[in-house]
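*Asks:* One structure follows; several queries about it will come next.
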Amino acid sequence: MAELTKSQIKRRALVKATIELVNNSGFHAAPMSKIAKIANVSPATIYLYFENKQDLVNKVYIEVKASFTEYAFATYDPNMEVAEGFEVIWKRIADFKLKECEEAMFLAQCDNTPMIDEQSREEGIKHLQPLLDLWERGKKEGKIKPLSDYILYAYAINPLSFLMITQKRGRFQLNEDHLEEAYQSAWSSIKI
């Protein structure tokens, strides 16, 4: 693997600082100066990579969403049977949310607040296409309820964010049995 350039290191530090600040303080309490300070770069450096704070957050969102979906679909084969495909995707999403908690929390914040512009949100949705295609096939085959993709996502995927946040707060520790129960609940909520 190639060594990172100084420019790449600075950009990564800015991305990490943005995720940290948005997660801990929210979008509005994350001024560019504070992001620069945490990233250990001058505030002017941010503008070499991003036009403004909105551009920074939008681009970080798309990068994190791409990383998340790359992980989620890494072991998925579009030729899998619908139930098997959903299980593979769901369990990879759960794994990501529990292992990459900071990035997953950032995505949850972005998905549940108006801080991301509509163009970036649409770009983020495109990354979920394999899951949306699986659901469409499942609907056609009579295996998944003929509901809006938003409703399917709300019932089958979004509860993972709640469980992740609850675990991060130390309220509930997910074990293998809990994850299997959560998966079975997710599948039951969308299957016919």
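Ordering of the structure tokens sets the chain letters (A, B, ...); residue numbers start at 1 within each chain; ligands are numbered from 1 in the order shown.
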Fewer than 2 positions away in the same chain doesn't count, so skip those; otherwise give me all residues within 8 Å of Leu14 of chain A, counting only C-alpha atoms, as a PyMOL selection string.
*Replies:* chain A and resi 10-12+16-18+35-36+38-39+46
*Asks:* Residues as selected, C-alpha atoms, written as a CSV table (one decimal), in the first residue's frame, can you do that?
*Replies:*
```csv
chain,number,residue,atom,x,y,z
A,10,LYS,CA,-4.3,16.6,6.2
A,11,ARG,CA,-7.5,15.8,4.3
A,12,ARG,CA,-8.1,12.6,6.3
A,16,LYS,CA,-12.0,12.6,11.0
A,17,ALA,CA,-12.3,16.0,12.9
A,18,THR,CA,-15.6,16.7,11.1
A,35,ILE,CA,-12.5,21.5,12.8
A,36,ALA,CA,-9.1,22.9,11.8
A,38,ILE,CA,-8.8,19.3,16.0
A,39,ALA,CA,-7.3,18.3,12.6
A,46,ILE,CA,-9.7,23.5,4.9
```
*Asks:* Residues near Asn24 of chain A, anyone? I mean within 10 Å using only C-alpha atoms, not counting same-chain ones fewer than 4 positions away, as a ChimeraX atom specification.
*Replies:* /A:18-20,29-30,102,105-106
*Asks:* Taking 5 positions as the minimum chain separation for residues in the same chain, which residues sit within 8 Å of segment 145-161 of chain A when counting only C-alpha atoms? Answer as a VMD selection string.
*Replies:* chain A and resid 90 94 97 104 to 105 108 132 135 139 185 to 187 189 to 192
*Asks:* Any chance you can output those residues with C-alpha atoms as an mmCIF file, in the first residue's frame?
*Replies:*
```cif
data_model
loop_
_atom_site.group_PDB
_atom_site.id
_atom_site.type_symbol
_atom_site.label_atom_id
_atom_site.label_comp_id
_atom_site.auth_asym_id
_atom_site.auth_seq_id
_atom_site.Cartn_x
_atom_site.Cartn_y
_atom_site.Cartn_z
ATOM 1 C CA TRP A 90 -28.180 -6.820 7.047
ATOM 2 C CA ALA A 94 -24.793 -4.416 11.628
ATOM 3 C CA LYS A 97 -22.318 -0.009 12.635
ATOM 4 C CA ALA A 104 -22.072 5.033 11.549
ATOM 5 C CA MET A 105 -23.138 7.664 14.083
ATOM 6 C CA ALA A 108 -27.243 8.454 11.380
ATOM 7 C CA LEU A 132 -33.002 -1.422 -3.238
ATOM 8 C CA TRP A 135 -36.050 -5.396 -2.298
ATOM 9 C CA LYS A 139 -41.457 -7.607 -4.059
ATOM 10 C CA SER A 185 -37.102 -9.100 13.795
ATOM 11 C CA ALA A 186 -35.894 -7.087 10.798
ATOM 12 C CA TRP A 187 -36.613 -9.906 8.355
ATOM 13 C CA SER A 189 -40.949 -6.926 9.553
ATOM 14 C CA ILE A 190 -40.511 -6.927 5.753
ATOM 15 C CA LYS A 191 -41.120 -10.504 4.561
ATOM 16 C CA ILE A 192 -44.482 -11.732 3.353
#
```
*Asks:* Would you mind writing down, as a ChimeraX atom specification, each residue of segment 38-145 of chain A that DSSP on the backbone assigns to helix (DSSP H, G or I)?
*Replies:* /A:38-39,43-49,53-72,82-99,101-111,118-126,129-140
*Asks:* To one decimal in Å, tell me the separation between atom CA of Lys59 of chain A and atom CA of Ile116 of chain A.
*Replies:*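 Atom CA of Ile116 of chain A lies 9.4 Å from atom CA of Lys59 of chain A.
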*Asks:* Can you list every residue of segment 80-128 of chain A that has an atom at most 12 Å from segment 50-58 of chain A, with its nearest atom pair and the distance in Å to one decimal, using only C-alpha atoms, ordered by chain then number, as CSV?
*Replies:*
```
residue,atom,partner,partner_atom,distance
A:Phe106,CA,A:Val57,CA,10.0
A:Leu107,CA,A:Val57,CA,10.7
A:Gln109,CA,A:Val57,CA,11.3
A:Cys110,CA,A:Val57,CA,8.9
A:Asp111,CA,A:Asn58,CA,11.6
A:Pro114,CA,A:Asn58,CA,11.2
A:Met115,CA,A:Gln54,CA,7.8
A:Ile116,CA,A:Asn58,CA,5.7
A:Asp117,CA,A:Asn58,CA,7.0
A:Glu118,CA,A:Asn58,CA,9.6
A:Gln119,CA,A:Asn58,CA,9.0
A:Ser120,CA,A:Asn58,CA,5.9
A:Arg121,CA,A:Asn58,CA,8.3
A:Glu122,CA,A:Asn58,CA,11.1
A:Glu123,CA,A:Asn58,CA,9.9
A:Gly124,CA,A:Asn58,CA,9.7
```
*Asks:* How about saving the chosen residues, C-alpha atoms kept, as a compact mmCIF listing (two decimals), in the first residue's frame?
*Replies:*
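The file below, selection-v6.txt, is the result:
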```txt
# COMPACT_ATOMS: atom_id res chain seq x y z
CA PHE A 106 -22.17 10.40 11.64
CA LEU A 107 -24.34 8.77 8.94
CA GLN A 109 -26.92 12.15 12.25
CA CYS A 110 -26.84 13.08 8.57
CA ASP A 111 -29.80 10.85 7.73
CA PRO A 114 -31.36 18.56 7.42
CA MET A 115 -27.60 19.23 7.49
CA ILE A 116 -26.96 17.39 4.20
CA ASP A 117 -28.15 19.05 1.01
CA GLU A 118 -30.61 17.19 -1.22
CA GLN A 119 -28.09 16.54 -4.00
CA SER A 120 -25.70 14.85 -1.55
CA ARG A 121 -28.56 12.90 0.02
CA GLU A 122 -29.55 11.60 -3.44
CA GLU A 123 -25.92 10.65 -4.11
CA GLY A 124 -25.89 8.77 -0.80
```
*Asks:* Give me the residues within 8 Å of Gly85 of chain A as a tab-separated table (two decimals) with C-alpha atoms, in the first residue's frame, counting only C-alpha atoms and dropping any in the same chain fewer than 5 places off.
*Replies:*
```tsv
chain	number	residue	atom	x	y	z
A	76	TYR	CA	-23.32	-9.95	-1.33
A	77	ASP	CA	-23.99	-11.62	-4.68
A	78	PRO	CA	-27.00	-10.26	-6.64
A	80	MET	CA	-28.45	-14.91	-4.07
A	134	LEU	CA	-32.88	-6.80	-3.85
```
*Asks:* Tell me which of A:Ala74, A:Leu174, A:Phe162, A:Gln8 sits closest to Leu48 of chain A, counting only C-alpha atoms.
*Replies:*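 Of the candidates, the smallest distance to Leu48 of chain A is held by A:Gln8.
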*Asks:* Atom CA of Asn112 of chain A and atom CA of Lys168 of chain A, how far apart in Å?
*Replies:* 17.9 Å
